[in-house]
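Shown next, in structure tokens, is the structure this report addresses.
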Amino acid sequence: MVAKHRKDSAAPLKCSACVSGEADAEKERAVSKSDSAPDVFFECAECLKQLPGSSFNKNQLKKGKGKHRCRACVETAESASKDSSAEERKRNLAELKENARVVEVRGTPAEKAVAASRLAAAEAEYVTGLKPVVLGKG
């Protein structure tokens with residue numbers, strides 16, 4: 001939005017909530033828009049329901065017969081994936097903290113450094129969402 005505003009000062013600036021609200025409204029308009037041609041029905045590979053083509057996005061329809069998933073199933077899978085990955089990161093972080101605590105008590109200085117760096121990388125990934133980059137080995 002800022003880049004667009006810089007190019008055209010008359011372009012309005014909008015907050016992320018407004019932009020996401022407009023995107024949701026656009027999605028609803030696209031779903032509710034009906035074509036004059038009769039709708040073709042497809043079977044969702046996940047819920048096995050026969051649904052009109054408007055219930056699928058273009059990418060899902062391109063996948064081929066037996067691989068289409070409806071919008072509801074795709075959204076459910078994406079939210080479940082986000083939830084499970086967040087839980088996995090929390091569990092991994094807890095394991096690394098416990099490992100660092102154990103190594104701090106009875107580990108060598110090299111083991112302490114390795115445990116501390118792994119913990120720091122996991123905490124940074126948890127906070128930023130960016131995976132650590134390995135610069136070199138040896």
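The chains in the structure tokens are called A, B, ... from first to last as shown; in each chain the residues are counted from 1, and the ligands are counted from 1 in the order shown.
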
Quick one: everything within 10 Å of Ala120 in chain A, counting only C-alpha atoms, minus sequence neighbours fewer than 4 positions away in the same chain. Send it as a PDB file with C-alpha atoms, in the first residue's frame.
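File selection-v5.pdb, as written:
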```pdb
ATOM      1  CA  LEU A  93      11.519 -25.398  21.690  1.00  0.00           C
ATOM      2  CA  LEU A  96      15.809 -27.743  23.218  1.00  0.00           C
ATOM      3  CA  LYS A  97      15.414 -25.747  26.458  1.00  0.00           C
ATOM      4  CA  VAL A 114      26.069 -26.191  20.446  1.00  0.00           C
ATOM      5  CA  ALA A 115      23.021 -26.485  22.718  1.00  0.00           C
ATOM      6  CA  ALA A 116      22.858 -22.713  23.225  1.00  0.00           C
ATOM      7  CA  ALA A 124      14.506 -16.874  16.601  1.00  0.00           C
ATOM      8  CA  GLU A 125      12.536 -19.087  14.203  1.00  0.00           C
ATOM      9  CA  TYR A 126       9.613 -19.171  16.645  1.00  0.00           C
ATOM     10  CA  PRO A 132      18.062 -20.215  10.321  1.00  0.00           C
TER      11      PRO A 132
END
```

Open item on the list: Report as a list in words all protein, DNA and RNA residues lying within 12 Å of Gln60 in chain A, evaluated on only C-alpha atoms, omitting residues in the same chain fewer than 6 positions from it.
Closed with: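 Here the answer would be Phe42, Glu43, Cys44, Ala45, Glu46, Gly53, Ser54, Gly66, Lys67, His68, Arg69, Cys70, Arg71, Ala72, Cys73 and Val74 of chain A.
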
Open item on the list: as a list in words, please: the residues near range 100-105 of chain A (cut-off 10 Å, only C-alpha atoms, same-chain neighbours under 5 positions excluded).
Closed with: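 So, after excluding close chain neighbours, the residues are Ala94, Glu95, Ala110, Glu111, Lys112, Ala113, Val114, Ala115, Ala116, Ser117, Arg118 and Leu119 of chain A.
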
Kindly export the residues of the current selection with N, CA and C atoms, as a compact mmCIF listing (two decimals), in the first residue's frame.
```txt
# COMPACT_ATOMS: atom_id res chain seq x y z
N ALA A 94 10.63 -26.53 23.66
CA ALA A 94 10.69 -27.05 25.03
C ALA A 94 11.77 -28.12 25.15
N GLU A 95 11.89 -29.00 24.15
CA GLU A 95 12.93 -30.04 24.17
C GLU A 95 14.32 -29.41 24.14
N ALA A 110 32.07 -27.17 24.50
CA ALA A 110 31.63 -27.28 23.11
C ALA A 110 30.16 -27.71 23.05
N GLU A 111 29.77 -28.66 23.88
CA GLU A 111 28.37 -29.11 23.93
C GLU A 111 27.45 -27.99 24.40
N LYS A 112 27.94 -27.19 25.35
CA LYS A 112 27.15 -26.05 25.84
C LYS A 112 26.92 -25.04 24.72
N ALA A 113 27.97 -24.77 23.93
CA ALA A 113 27.85 -23.82 22.83
C ALA A 113 26.88 -24.32 21.76
N VAL A 114 26.96 -25.61 21.45
CA VAL A 114 26.07 -26.19 20.45
C VAL A 114 24.62 -26.12 20.92
N ALA A 115 24.38 -26.50 22.18
CA ALA A 115 23.02 -26.49 22.72
C ALA A 115 22.47 -25.06 22.75
N ALA A 116 23.30 -24.10 23.16
CA ALA A 116 22.86 -22.71 23.23
C ALA A 116 22.55 -22.16 21.83
N SER A 117 23.37 -22.50 20.85
CA SER A 117 23.12 -21.99 19.49
C SER A 117 21.87 -22.61 18.88
N ARG A 118 21.63 -23.90 19.13
CA ARG A 118 20.41 -24.54 18.63
C ARG A 118 19.18 -23.92 19.28
N LEU A 119 19.27 -23.65 20.57
CA LEU A 119 18.15 -23.03 21.28
C LEU A 119 17.90 -21.62 20.74
```

Open item on the list: According to DSSP computed on the backbone, where in chain A is there helix (DSSP H, G or I)? Give the residues as a VMD selection string.
Closed with: chain A and resid 2 to 7 16 to 32 53 to 55 58 to 62 71 to 106 109 to 128

Task: DSSP-assigned strand (DSSP E) members of range 13-107 of chain A, reported as a ChimeraX atom specification - done: /A:41-43,50-52
